[in-house]
Amino acid sequence: MIKRLAKCIREYKKASIITLLLIVGEAVIETFIPFITADLINTISKGAEVNAILQRGLLLIALALASLACGGFAAVTCSQAAAGFAKNLRHDIFAKILTFNFINIDKFSSSSLVTRMTTDVGNVQMSYMMIIRTAIRAPLMLIFSTIMAAVMGGILAVAFVIVIPILGFGLLFIGKKAMPAFRRVFKKYDRLNESIEENVRGMRVVKGFSREEYEKEKFGARAENIRGDFTKAERITAFNTPLMNLCLYVVMVVVLFGGSYIAVTTQGATVQVGQITSLIMYGVQILMSLMMLSMIYVMITMSAESAKRICEVLDEEPALKKAENPVTEVKDGSIDLDNVSFKYSEAAERYSLEDINLHIRSGMTVGILGGTGSSKSTLVQLIPRLYDATVGTVKVGGVDVRDYSIRTLRDSVAMVLQKNLLFSGTIKENLKWGNENATDEEIVQACKLAQADEFVRSFPDGYDTHIEQGGTNVSGGQKQRLCIARALLKKPKILILDDSTSAVDTKTDALIREGFKSYIPETTKIIIAQRVASVEDADLIIIMENGKIAAMGKHDELMKISPAYRETYIQQTRGGSDDEN
């Protein structure tokens, strides 16, 4: 795990190494300051001349300034290294997520991925900052100060031999007790972020059903759960300071009492006043180092769980394997599904799609009808290889989709979903997702075919109108028409409309389909719809039931052989339908 994360340091290795060197210098200098201080006090007590006192005083000032410089520059380089490491880590996580397929995305919830890129990366960043700075400084200060205390203190150093193990084991015990509570927090953060995400996305539903109080209570319960774990952990770690203070005061009492007694009884022959002062200073350094080590232990242990969660994402392999010698050209838009069955996970008991045999010639218009849960969307998701068939073969242009370069295949297939997304930016920028090199004329033509040009021009800024995040400042029907225009700009060999005209009226729907015939006659068009009128003139209509093809044929044929199709047609044509958005 450490090796995996270390790869993200990259260009910030230099800043990390400089930080380590500066910290070593700071630790060495600070260790010598009590030694020089003791020599200064002893010199003063012996009645030395002013020049000798000034020399030692200036040396102390120089050491203090040098220590300050090392510490200050270390803080700068440490922050650069840690912030850079976190930047690279977020970049690598995001780049990895972009390689994921739907199967991988299903494994990690979106709220969990957000938590890993924010809270978890923040924890690892703090941990890395402590490792290259405090985690180096504290052990060095502990070792150097202990050695100098033993050299300077003689028999008085016994106090450190007794206190250091007690404090060390005490801090370790406190950290170990606090860790389980810290570990539990991260999964609870996922659920908290999930609640936020659901409420932001579904704000209209929450307000429409007046569920604000319920959602506040649910969110409050999850926040309270996290607070409880943090409170428990902080309550335990709060014993760090009292324990350290107790040990510090014990050392001070022993050194002051014992040192004074020895200094008086031996008249300074064994222990001098300067030595007592330096021992107290070394005692503070030793105990502070132990305190820092306990904080590092807590932080690293806590961030280890975050690091593990991050590595789960970084080590996740895309579920769809790339072809060794990929085909880089799609000949045409023909589609063949031979004995195809599919389930979303190996553990699933039943197949979502079962025994699908389907052959579509290039340029055909195919309609798919079926009730909710009949796996219409699942069927078309196999074509651009958003999922791989569990059993059987899916071919596009006569080639198994698994033999294509994924980019080549998906560049040849355009999908327009019922809930397609528009990204923040101008309308023109969103449309250019279909073809980044599209001219203004091509953009206008695509919008005219998608029946979007009229309402776009009605905006004050026209095609330069800014779209808010998620397309919240346009209606559902407008959003769908812009998404269709975006797909048309791609000039795909296969165009899939997954219930993507549900928010437009029947007349507009008919005009859009008429535009397809003139603009992309050679493109295979697959239209998933709830309205029979949307697919009535298709070359082939497929009726889906429970993941299987119940019937297929043209409109006239299905009117004769499919009771379900006939009943739906009669209900919609005689009873009318509410097609207006």
# chains A, B, ... in the order shown; residues from 1 in each chain; ligands from 1
call {"tool": "select_by_dssp", "arguments": {"residues": "region 523-562 of chain A", "states": "alpha helix (DSSP H)", "output": "list in words"}}
result
His555, Asp556, Glu557, Leu558, Met559, Lys560 and Ile561 of chain A
call {"tool": "select_by_dssp", "arguments": {"residues": "region 366-575 of chain A", "states": "strand (DSSP E or B)", "output": "ChimeraX atom specification"}}
result
/A:366-370,391-396,399-400,404,413-417,425-426,466-467,494-498,524-528,540-545,548-553
call {"tool": "residues_around", "arguments": {"residues": "Tyr249 (chain A)", "least_positions_apart": "4", "cutoff": "12 Å", "atoms": "only C-alpha atoms", "output": "PDB file with N, CA and C atoms, in the first residue's frame"}}
result
ATOM      1  N   ALA A 159      15.786   9.385  36.090  1.00  0.00           N
ATOM      2  CA  ALA A 159      14.387   9.823  36.035  1.00  0.00           C
ATOM      3  C   ALA A 159      13.811   9.599  34.643  1.00  0.00           C
ATOM      4  N   PHE A 160      14.599   9.845  33.621  1.00  0.00           N
ATOM      5  CA  PHE A 160      14.137   9.646  32.247  1.00  0.00           C
ATOM      6  C   PHE A 160      13.977   8.156  31.932  1.00  0.00           C
ATOM      7  N   VAL A 163      10.573   7.306  33.480  1.00  0.00           N
ATOM      8  CA  VAL A 163       9.389   8.003  32.970  1.00  0.00           C
ATOM      9  C   VAL A 163       9.123   7.701  31.498  1.00  0.00           C
ATOM     10  N   PRO A 242      -2.841  15.205  29.841  1.00  0.00           N
ATOM     11  CA  PRO A 242      -2.631  15.022  31.291  1.00  0.00           C
ATOM     12  C   PRO A 242      -1.510  14.029  31.607  1.00  0.00           C
ATOM     13  N   LEU A 243      -1.420  12.944  30.833  1.00  0.00           N
ATOM     14  CA  LEU A 243      -0.370  11.957  31.068  1.00  0.00           C
ATOM     15  C   LEU A 243       1.004  12.565  30.818  1.00  0.00           C
ATOM     16  N   MET A 244       1.127  13.335  29.731  1.00  0.00           N
ATOM     17  CA  MET A 244       2.408  13.955  29.434  1.00  0.00           C
ATOM     18  C   MET A 244       2.783  14.988  30.490  1.00  0.00           C
ATOM     19  N   ASN A 245       1.798  15.794  30.901  1.00  0.00           N
ATOM     20  CA  ASN A 245       2.075  16.796  31.938  1.00  0.00           C
ATOM     21  C   ASN A 245       2.497  16.147  33.244  1.00  0.00           C
ATOM     22  N   VAL A 253      10.343  17.690  39.090  1.00  0.00           N
ATOM     23  CA  VAL A 253      10.493  17.588  40.554  1.00  0.00           C
ATOM     24  C   VAL A 253      11.742  16.785  40.900  1.00  0.00           C
ATOM     25  N   VAL A 254      11.917  15.636  40.228  1.00  0.00           N
ATOM     26  CA  VAL A 254      13.076  14.787  40.516  1.00  0.00           C
ATOM     27  C   VAL A 254      14.374  15.511  40.188  1.00  0.00           C
ATOM     28  N   VAL A 255      14.414  16.156  39.004  1.00  0.00           N
ATOM     29  CA  VAL A 255      15.640  16.836  38.588  1.00  0.00           C
ATOM     30  C   VAL A 255      15.932  18.028  39.486  1.00  0.00           C
ATOM     31  N   LEU A 256      14.896  18.852  39.772  1.00  0.00           N
ATOM     32  CA  LEU A 256      15.115  20.029  40.616  1.00  0.00           C
ATOM     33  C   LEU A 256      15.494  19.649  42.046  1.00  0.00           C
ATOM     34  N   PHE A 257      14.722  18.700  42.598  1.00  0.00           N
ATOM     35  CA  PHE A 257      15.002  18.317  43.984  1.00  0.00           C
ATOM     36  C   PHE A 257      16.345  17.579  44.102  1.00  0.00           C
ATOM     37  N   ILE A 280      16.193  19.879  32.570  1.00  0.00           N
ATOM     38  CA  ILE A 280      14.771  20.214  32.474  1.00  0.00           C
ATOM     39  C   ILE A 280      14.394  20.466  31.018  1.00  0.00           C
ATOM     40  N   GLY A 283      14.298  17.283  29.245  1.00  0.00           N
ATOM     41  CA  GLY A 283      13.095  16.560  29.662  1.00  0.00           C
ATOM     42  C   GLY A 283      11.876  17.006  28.890  1.00  0.00           C
ATOM     43  N   VAL A 284      11.751  18.335  28.723  1.00  0.00           N
ATOM     44  CA  VAL A 284      10.634  18.869  27.935  1.00  0.00           C
ATOM     45  C   VAL A 284      10.711  18.368  26.498  1.00  0.00           C
ATOM     46  N   LEU A 287       9.754  14.550  26.358  1.00  0.00           N
ATOM     47  CA  LEU A 287       8.331  14.292  26.559  1.00  0.00           C
ATOM     48  C   LEU A 287       7.481  14.858  25.414  1.00  0.00           C
TER      49      LEU A 287
END
call {"tool": "closest_residue", "arguments": {"among": "A:Leu63, A:Ile296, A:Leu314, A:Ile131", "to": "Lys96 (chain A)", "atoms": "only C-alpha atoms"}}
result
A:Leu314
call {"tool": "closest_residue", "arguments": {"among": "A:Ala178, A:Ala135, A:Met117, A:Leu58", "to": "Thr19 (chain A)", "atoms": "only C-alpha atoms"}}
result
A:Ala135
call {"tool": "residues_around", "arguments": {"residues": "region 433-450 of chain A", "least_positions_apart": "6", "cutoff": "10 Å", "atoms": "only C-alpha atoms", "output": "short mmCIF file (atom, residue, chain, number, x, y, z; two decimals) with C-alpha atoms, in the first residue's frame"}}
result
data_model
loop_
_atom_site.label_atom_id
_atom_site.label_comp_id
_atom_site.auth_asym_id
_atom_site.auth_seq_id
_atom_site.Cartn_x
_atom_site.Cartn_y
_atom_site.Cartn_z
CA ASP A 411 -17.08 6.60 -31.12
CA ALA A 414 -24.17 7.42 -29.78
CA LEU A 422 -25.72 18.53 -19.74
CA PHE A 423 -22.54 19.89 -18.21
CA VAL A 456 -32.03 28.02 -28.34
CA TYR A 463 -25.88 29.22 -28.53
CA GLN A 478 -35.24 21.08 -24.03
CA GLN A 480 -33.49 15.92 -24.30
CA ARG A 481 -33.49 17.78 -27.63
CA LEU A 482 -30.03 19.25 -26.93
CA CYS A 483 -28.76 15.77 -26.07
CA ILE A 484 -30.19 14.41 -29.35
CA ALA A 485 -28.46 17.22 -31.26
CA ARG A 486 -25.22 16.39 -29.48
CA ALA A 487 -25.55 12.76 -30.56
CA LEU A 488 -26.32 13.74 -34.17
CA LEU A 489 -23.12 15.78 -34.36
CA LYS A 490 -21.23 12.58 -33.67
CA LYS A 491 -22.56 11.15 -36.97
CA PRO A 492 -22.51 7.64 -35.48
CA THR A 508 -41.94 17.18 -32.04
CA ASP A 509 -41.16 13.48 -31.65
CA LEU A 511 -40.32 15.75 -36.59
CA ILE A 512 -37.19 14.47 -34.87
CA ARG A 513 -37.66 10.99 -36.36
CA GLU A 514 -38.29 12.50 -39.78
CA GLY A 515 -35.02 14.39 -39.46
CA PHE A 516 -33.18 11.13 -38.81
CA SER A 518 -32.83 12.64 -44.12
CA TYR A 519 -29.72 13.37 -42.02
#
call {"tool": "residues_around", "arguments": {"residues": "region 533-541 of chain A", "least_positions_apart": "6", "cutoff": "12 Å", "atoms": "only C-alpha atoms", "output": "ChimeraX atom specification"}}
result
/A:358-370,497-502,504-514,516-517,524-527,549-559,562,565-566,568-573,576-577,579
call {"tool": "residues_around", "arguments": {"residues": "Met295 (chain A)", "least_positions_apart": "3", "cutoff": "9 Å", "atoms": "only C-alpha atoms", "output": "JSON, numbers by chain"}}
result
{"A": [171, 175, 237, 240, 290, 291, 292, 298, 299, 300]}
call {"tool": "residues_around", "arguments": {"residues": "Tyr282 (chain A)", "least_positions_apart": "4", "cutoff": "8 Å", "atoms": "only C-alpha atoms", "output": "list in words"}}
result
Thr31, Pro34, Ser145, Thr146, Met148, Ala149, Ser278 and Ile286 of chain A
call {"tool": "write_last_selection", "arguments": {"atoms": "N, CA and C atoms", "output": "PDB file, in the first residue's frame"}}
result
ATOM      1  N   THR A  31      18.928  20.308  19.766  1.00  0.00           N
ATOM      2  CA  THR A  31      19.518  19.456  20.796  1.00  0.00           C
ATOM      3  C   THR A  31      20.727  20.133  21.450  1.00  0.00           C
ATOM      4  N   PRO A  34      20.138  23.423  24.655  1.00  0.00           N
ATOM      5  CA  PRO A  34      20.239  23.260  26.113  1.00  0.00           C
ATOM      6  C   PRO A  34      21.685  23.084  26.594  1.00  0.00           C
ATOM      7  N   SER A 145      18.045  13.969  22.426  1.00  0.00           N
ATOM      8  CA  SER A 145      17.812  14.554  23.755  1.00  0.00           C
ATOM      9  C   SER A 145      18.100  13.539  24.856  1.00  0.00           C
ATOM     10  N   THR A 146      17.730  12.274  24.628  1.00  0.00           N
ATOM     11  CA  THR A 146      18.005  11.230  25.627  1.00  0.00           C
ATOM     12  C   THR A 146      19.498  11.041  25.811  1.00  0.00           C
ATOM     13  N   MET A 148      21.919  13.254  25.147  1.00  0.00           N
ATOM     14  CA  MET A 148      22.478  14.441  25.796  1.00  0.00           C
ATOM     15  C   MET A 148      22.079  14.516  27.263  1.00  0.00           C
ATOM     16  N   ALA A 149      20.841  14.081  27.595  1.00  0.00           N
ATOM     17  CA  ALA A 149      20.416  14.076  29.001  1.00  0.00           C
ATOM     18  C   ALA A 149      21.265  13.114  29.809  1.00  0.00           C
ATOM     19  N   SER A 278      19.619  22.427  31.902  1.00  0.00           N
ATOM     20  CA  SER A 278      19.640  21.697  30.633  1.00  0.00           C
ATOM     21  C   SER A 278      18.843  20.394  30.731  1.00  0.00           C
ATOM     22  N   ILE A 286      12.165  15.637  25.356  1.00  0.00           N
ATOM     23  CA  ILE A 286      11.890  14.193  25.294  1.00  0.00           C
ATOM     24  C   ILE A 286      10.397  13.920  25.397  1.00  0.00           C
TER      25      ILE A 286
END
call {"tool": "closest_residue", "arguments": {"among": "A:Ser341, A:Thr301, A:Asn430, A:Thr523", "to": "Gly547 (chain A)", "atoms": "only C-alpha atoms"}}
result
A:Ser341
call {"tool": "closest_residue", "arguments": {"among": "A:Ala503, A:Ile44, A:Thr390, A:Glu349", "to": "Asn420 (chain A)", "atoms": "only C-alpha atoms"}}
result
A:Ala503
call {"tool": "atom_distance", "arguments": {"atom1": "CA of Leu421 (chain A)", "atom2": "CA of Gly470 (chain A)"}}
result
5.9 Å
